[in-house]
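Here's work-v9.tsv, which has TSV, N, CA and C atoms:
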chain	number	residue	atom	x	y	z
A	1	MET	N	9.29	1.65	-24.53
A	1	MET	CA	9.10	1.77	-23.10
A	1	MET	C	7.61	1.99	-22.84
A	2	ARG	N	7.07	1.19	-21.95
A	2	ARG	CA	5.67	1.32	-21.53
A	2	ARG	C	5.65	1.70	-20.06
A	3	ILE	N	4.61	2.40	-19.63
A	3	ILE	CA	4.54	2.90	-18.26
A	3	ILE	C	3.18	2.58	-17.65
A	4	PRO	N	2.95	1.32	-17.26
A	4	PRO	CA	1.70	0.97	-16.59
A	4	PRO	C	1.72	1.36	-15.11
A	5	VAL	N	0.55	1.64	-14.58
A	5	VAL	CA	0.41	2.04	-13.17
A	5	VAL	C	-0.54	1.06	-12.48
A	6	VAL	N	-0.16	0.65	-11.28
A	6	VAL	CA	-0.97	-0.27	-10.47
A	6	VAL	C	-1.13	0.35	-9.09
A	7	THR	N	-2.33	0.28	-8.55
A	7	THR	CA	-2.58	0.77	-7.19
A	7	THR	C	-2.88	-0.41	-6.28
A	8	ILE	N	-2.26	-0.40	-5.10
A	8	ILE	CA	-2.57	-1.41	-4.09
A	8	ILE	C	-3.13	-0.70	-2.87
A	9	ALA	N	-3.94	-1.41	-2.13
A	9	ALA	CA	-4.56	-0.82	-0.94
A	9	ALA	C	-4.52	-1.83	0.21
A	10	ASP	N	-4.50	-1.29	1.40
A	10	ASP	CA	-4.54	-2.10	2.61
A	10	ASP	C	-5.99	-2.20	3.06
A	11	LEU	N	-6.41	-3.39	3.43
A	11	LEU	CA	-7.80	-3.59	3.85
A	11	LEU	C	-8.16	-2.75	5.06
A	12	ARG	N	-7.18	-2.45	5.90
A	12	ARG	CA	-7.44	-1.65	7.11
A	12	ARG	C	-7.46	-0.15	6.81
A	13	ARG	N	-6.92	0.24	5.66
A	13	ARG	CA	-6.93	1.62	5.16
A	13	ARG	C	-6.16	2.63	6.02
A	14	THR	N	-5.40	2.19	6.99
A	14	THR	CA	-4.68	3.14	7.83
A	14	THR	C	-3.18	2.86	7.85
A	15	VAL	N	-2.80	1.69	7.44
A	15	VAL	CA	-1.40	1.28	7.51
A	15	VAL	C	-0.66	1.75	6.26
A	16	PRO	N	0.50	2.37	6.43
A	16	PRO	CA	1.27	2.73	5.24
A	16	PRO	C	1.87	1.48	4.60
A	17	PRO	N	2.22	1.55	3.34
A	17	PRO	CA	2.86	0.39	2.72
A	17	PRO	C	4.18	0.09	3.43
A	18	PRO	N	4.65	-1.14	3.33
A	18	PRO	CA	5.89	-1.47	4.02
A	18	PRO	C	7.07	-0.67	3.49
A	19	ARG	N	7.99	-0.36	4.40
A	19	ARG	CA	9.23	0.27	3.95
A	19	ARG	C	9.91	-0.69	2.98
A	20	GLY	N	10.50	-0.15	1.99
A	20	GLY	CA	11.19	-1.00	1.03
A	20	GLY	C	10.28	-1.68	0.04
A	21	LEU	N	9.09	-1.15	-0.20
A	21	LEU	CA	8.18	-1.76	-1.16
A	21	LEU	C	8.83	-1.87	-2.53
A	22	THR	N	9.56	-0.86	-2.93
A	22	THR	CA	10.25	-0.91	-4.22
A	22	THR	C	11.23	-2.08	-4.25
A	23	ASP	N	11.96	-2.28	-3.15
A	23	ASP	CA	12.91	-3.39	-3.08
A	23	ASP	C	12.20	-4.74	-3.15
A	24	ILE	N	11.05	-4.83	-2.51
A	24	ILE	CA	10.26	-6.08	-2.56
A	24	ILE	C	9.87	-6.38	-4.00
A	25	LEU	N	9.38	-5.37	-4.70
A	25	LEU	CA	8.95	-5.56	-6.09
A	25	LEU	C	10.14	-5.97	-6.97
A	26	TRP	N	11.27	-5.32	-6.77
A	26	TRP	CA	12.46	-5.69	-7.54
A	26	TRP	C	12.88	-7.12	-7.23
A	27	ALA	N	12.86	-7.49	-5.96
A	27	ALA	CA	13.30	-8.82	-5.57
A	27	ALA	C	12.43	-9.92	-6.18
A	28	LEU	N	11.16	-9.61	-6.40
A	28	LEU	CA	10.25	-10.61	-6.92
A	28	LEU	C	9.99	-10.48	-8.43
A	29	SER	N	10.67	-9.53	-9.05
A	29	SER	CA	10.56	-9.43	-10.51
A	29	SER	C	11.55	-10.41	-11.14
A	30	ARG	N	11.32	-10.68	-12.41
A	30	ARG	CA	12.16	-11.61	-13.15
A	30	ARG	C	12.70	-10.90	-14.39
A	31	PRO	N	13.83	-11.32	-14.90
A	31	PRO	CA	14.37	-10.67	-16.10
A	31	PRO	C	13.36	-10.61	-17.25
A	32	ALA	N	12.56	-11.64	-17.41
A	32	ALA	CA	11.57	-11.66	-18.49
A	32	ALA	C	10.49	-10.59	-18.34
A	33	ASP	N	10.34	-10.03	-17.12
A	33	ASP	CA	9.35	-8.98	-16.91
A	33	ASP	C	9.74	-7.69	-17.63
A	34	GLY	N	11.01	-7.51	-17.93
A	34	GLY	CA	11.46	-6.35	-18.69
A	34	GLY	C	11.41	-5.03	-17.94
A	35	ILE	N	11.48	-5.07	-16.63
A	35	ILE	CA	11.36	-3.85	-15.84
A	35	ILE	C	12.67	-3.06	-15.89
A	36	GLU	N	12.54	-1.77	-16.15
A	36	GLU	CA	13.68	-0.86	-16.18
A	36	GLU	C	13.75	-0.03	-14.89
A	37	HIS	N	12.58	0.35	-14.38
A	37	HIS	CA	12.52	1.23	-13.20
A	37	HIS	C	11.16	1.04	-12.53
A	38	ILE	N	11.13	1.23	-11.21
A	38	ILE	CA	9.88	1.17	-10.45
A	38	ILE	C	9.83	2.39	-9.55
A	39	HIS	N	8.70	3.07	-9.57
A	39	HIS	CA	8.48	4.22	-8.67
A	39	HIS	C	7.25	3.93	-7.82
A	40	VAL	N	7.36	4.16	-6.52
A	40	VAL	CA	6.23	3.96	-5.60
A	40	VAL	C	5.88	5.29	-4.93
A	41	ALA	N	4.63	5.69	-5.03
A	41	ALA	CA	4.09	6.84	-4.32
A	41	ALA	C	3.21	6.29	-3.21
A	42	ALA	N	3.68	6.40	-1.97
A	42	ALA	CA	3.01	5.77	-0.84
A	42	ALA	C	2.21	6.77	-0.03
A	43	ALA	N	1.10	6.29	0.52
A	43	ALA	CA	0.25	7.07	1.41
A	43	ALA	C	-0.38	6.08	2.40
A	44	PRO	N	-0.90	6.56	3.52
A	44	PRO	CA	-1.55	5.63	4.44
A	44	PRO	C	-2.69	4.89	3.73
A	45	GLY	N	-2.59	3.58	3.73
A	45	GLY	CA	-3.65	2.76	3.17
A	45	GLY	C	-3.53	2.43	1.70
A	46	ASN	N	-2.60	3.07	0.98
A	46	ASN	CA	-2.46	2.72	-0.44
A	46	ASN	C	-1.08	3.08	-0.97
A	47	ALA	N	-0.81	2.58	-2.13
A	47	ALA	CA	0.42	2.91	-2.84
A	47	ALA	C	0.14	2.84	-4.33
A	48	VAL	N	0.66	3.81	-5.05
A	48	VAL	CA	0.56	3.83	-6.50
A	48	VAL	C	1.94	3.42	-7.03
A	49	ILE	N	1.96	2.33	-7.78
A	49	ILE	CA	3.22	1.79	-8.29
A	49	ILE	C	3.27	2.04	-9.79
A	50	THR	N	4.30	2.74	-10.21
A	50	THR	CA	4.50	3.02	-11.63
A	50	THR	C	5.69	2.19	-12.10
A	51	TYR	N	5.44	1.36	-13.10
A	51	TYR	CA	6.48	0.53	-13.70
A	51	TYR	C	6.92	1.15	-15.03
A	52	PHE	N	8.19	1.15	-15.26
A	52	PHE	CA	8.75	1.53	-16.55
A	52	PHE	C	9.35	0.25	-17.11
A	53	LEU	N	8.77	-0.26	-18.18
A	53	LEU	CA	9.23	-1.57	-18.66
A	53	LEU	C	9.19	-1.69	-20.17
A	54	ARG	N	9.94	-2.68	-20.63
A	54	ARG	CA	9.95	-3.01	-22.05
A	54	ARG	C	8.82	-4.00	-22.31
A	55	ALA	N	7.95	-3.65	-23.24
A	55	ALA	CA	6.84	-4.53	-23.60
A	55	ALA	C	6.42	-4.18	-25.02
A	56	PRO	N	5.92	-5.17	-25.76
A	56	PRO	CA	5.54	-4.91	-27.15
A	56	PRO	C	4.29	-4.04	-27.31
A	57	ASP	N	3.42	-4.03	-26.28
A	57	ASP	CA	2.20	-3.24	-26.38
A	57	ASP	C	1.68	-2.93	-24.98
A	58	ASP	N	0.68	-2.05	-24.91
A	58	ASP	CA	0.13	-1.62	-23.63
A	58	ASP	C	-0.51	-2.77	-22.86
A	59	ARG	N	-1.22	-3.63	-23.57
A	59	ARG	CA	-1.92	-4.75	-22.91
A	59	ARG	C	-0.93	-5.66	-22.18
A	60	SER	N	0.16	-6.02	-22.83
A	60	SER	CA	1.13	-6.89	-22.17
A	60	SER	C	1.87	-6.16	-21.06
A	61	ALA	N	2.07	-4.85	-21.20
A	61	ALA	CA	2.71	-4.07	-20.13
A	61	ALA	C	1.84	-4.06	-18.87
A	62	VAL	N	0.56	-3.83	-19.04
A	62	VAL	CA	-0.36	-3.83	-17.90
A	62	VAL	C	-0.40	-5.22	-17.27
A	63	ALA	N	-0.45	-6.26	-18.09
A	63	ALA	CA	-0.47	-7.63	-17.57
A	63	ALA	C	0.79	-7.93	-16.77
A	64	THR	N	1.93	-7.49	-17.25
A	64	THR	CA	3.18	-7.70	-16.52
A	64	THR	C	3.17	-6.96	-15.20
A	65	ALA	N	2.75	-5.71	-15.21
A	65	ALA	CA	2.72	-4.92	-13.97
A	65	ALA	C	1.80	-5.57	-12.94
A	66	ARG	N	0.66	-6.03	-13.37
A	66	ARG	CA	-0.27	-6.70	-12.46
A	66	ARG	C	0.32	-8.01	-11.93
A	67	ARG	N	0.98	-8.75	-12.81
A	67	ARG	CA	1.56	-10.03	-12.42
A	67	ARG	C	2.67	-9.84	-11.37
A	68	VAL	N	3.54	-8.86	-11.57
A	68	VAL	CA	4.62	-8.60	-10.61
A	68	VAL	C	4.03	-8.14	-9.28
A	69	THR	N	3.04	-7.27	-9.34
A	69	THR	CA	2.39	-6.79	-8.12
A	69	THR	C	1.71	-7.92	-7.38
A	70	ASP	N	0.96	-8.75	-8.08
A	70	ASP	CA	0.28	-9.88	-7.45
A	70	ASP	C	1.28	-10.87	-6.85
A	71	ARG	N	2.39	-11.06	-7.54
A	71	ARG	CA	3.43	-11.95	-7.03
A	71	ARG	C	3.96	-11.41	-5.70
A	72	ALA	N	4.20	-10.12	-5.63
A	72	ALA	CA	4.69	-9.51	-4.39
A	72	ALA	C	3.67	-9.64	-3.27
A	73	ILE	N	2.42	-9.35	-3.56
A	73	ILE	CA	1.37	-9.44	-2.54
A	73	ILE	C	1.25	-10.87	-2.01
A	74	SER	N	1.37	-11.84	-2.90
A	74	SER	CA	1.19	-13.23	-2.46
A	74	SER	C	2.42	-13.81	-1.77
A	75	GLN	N	3.60	-13.26	-2.03
A	75	GLN	CA	4.81	-13.86	-1.49
A	75	GLN	C	5.49	-13.08	-0.38
A	76	ALA	N	5.24	-11.79	-0.28
A	76	ALA	CA	5.92	-10.97	0.73
A	76	ALA	C	5.07	-10.89	2.00
A	77	PRO	N	5.56	-11.42	3.10
A	77	PRO	CA	4.78	-11.37	4.34
A	77	PRO	C	4.40	-9.94	4.76
A	78	SER	N	5.24	-8.96	4.45
A	78	SER	CA	4.93	-7.59	4.85
A	78	SER	C	3.77	-6.99	4.05
A	79	LEU	N	3.33	-7.67	3.01
A	79	LEU	CA	2.18	-7.19	2.23
A	79	LEU	C	0.89	-7.95	2.56
A	80	HIS	N	0.92	-8.71	3.64
A	80	HIS	CA	-0.30	-9.41	4.08
A	80	HIS	C	-1.38	-8.37	4.36
A	81	GLY	N	-2.57	-8.57	3.83
A	81	GLY	CA	-3.67	-7.63	4.01
A	81	GLY	C	-3.78	-6.59	2.90
A	82	TRP	N	-2.84	-6.60	1.97
A	82	TRP	CA	-2.88	-5.68	0.84
A	82	TRP	C	-3.48	-6.38	-0.37
A	83	HIS	N	-4.09	-5.60	-1.25
A	83	HIS	CA	-4.65	-6.16	-2.49
A	83	HIS	C	-4.52	-5.14	-3.62
A	84	ARG	N	-4.53	-5.65	-4.82
A	84	ARG	CA	-4.44	-4.78	-6.00
A	84	ARG	C	-5.84	-4.28	-6.35
A	85	LEU	N	-5.94	-3.00	-6.63
A	85	LEU	CA	-7.23	-2.42	-7.05
A	85	LEU	C	-7.42	-2.57	-8.54
As a first step, turn the structure in this file into structure tokens.
Amino acid sequence: MRIPVVTIADLRRTVPPPRGLTDILWALSRPADGIEHIHVAAAPGNAVITYFLRAPDDRSAVATARRVTDRAISQAPSLHGWHRL
């Protein structure tokens, strides 16, 4: 089990992350991503996303977490204006 963390931020810095961010991430994840659990700590202007996933090493775990996050940002309309730090 690997536990990579990804932070996203809103360009306006005042908007909270969308309700259901965890659901968005789950909906856009794939079985090959190996995700077991997702935890989101939200605050106005940012969110810290902790992934619990199966991966052979830390480097691939971080790459997977970034890929799932980027996929959500690019495909979910409610994440327009958000970016990964």
Margin query: Report as an NGL selection string all protein, DNA and RNA residues lying within 7 Å of stretch 60-72 of chain A, evaluated on only N, CA and C atoms, omitting residues in the same chain fewer than 5 positions from it.
Written below: :A and (2-6 or 24-25 or 28-29 or 33 or 51 or 53-55 or 77 or 79 or 84)
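Each of A:Ile73, A:Ala43, A:Ala27, A:Met1 was compared to A:Val15 using only C-alpha atoms, and A:Ala43 turns out to be the nearest.
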Item checked: Selection as a ChimeraX atom specification: residues within 7 Å of (-2.7, 7.6, 1.9), counting only N, CA and C atoms -> /A:42-47
Notebook entry, point to check: Out of chain A, which residues get helix (DSSP H, G or I) from DSSP, as an NGL selection string?
Noted result: :A and (21-28 or 31-33 or 58-75 or 77-79)
Margin query: Which residue is closest to A:Trp82? Choose from A:Glu36, A:Asp10, A:Asp23, A:Asp57 and count only N, CA and C atoms.
Written below: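 Among the listed residues, the smallest separation from A:Trp82 belongs to A:Asp10.
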Item checked: Atomic distance atom C of A:Ile35 - atom C of A:His83, expressed in Å with one decimal ->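 These atoms are spaced 21.2 Å apart.
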Notebook entry, point to check: Excluding same-chain residues fewer than 4 positions from A:Val40, what lies within 8 Å of it counting all atoms listed in the file, as an MDAnalysis selection string?
Noted result: chainID A and resid 21:22 47:51
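For the atom pair formed by atom CA of A:Arg59 and atom C of A:Ile8, the distance is 20.5 Å, given to one decimal.
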Notebook entry, point to check: What is the atom CA of A:Ser78-atom C of A:Asp58 distance in Å, reported with one decimal?
Noted result: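 Taking atom CA of A:Ser78 and atom C of A:Asp58, their separation equals 28.6 Å.
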Around stretch 64-69 of chain A, fit a box with edges along x, y and z, padding it by 4 Å on each side, then list its centre and edge lengths in Å to one decimal as JSON.
{"center_x": 2.2, "center_y": -7.5, "center_z": -12.3, "size_x": 12.9, "size_y": 13.1, "size_z": 17.9}
Check: So which bits of chain A end up strand (DSSP E or B) when you DSSP the backbone, as a PyMOL selection string?
Finding: chain A and resi 2+5-10+35-43+46-53+82-84
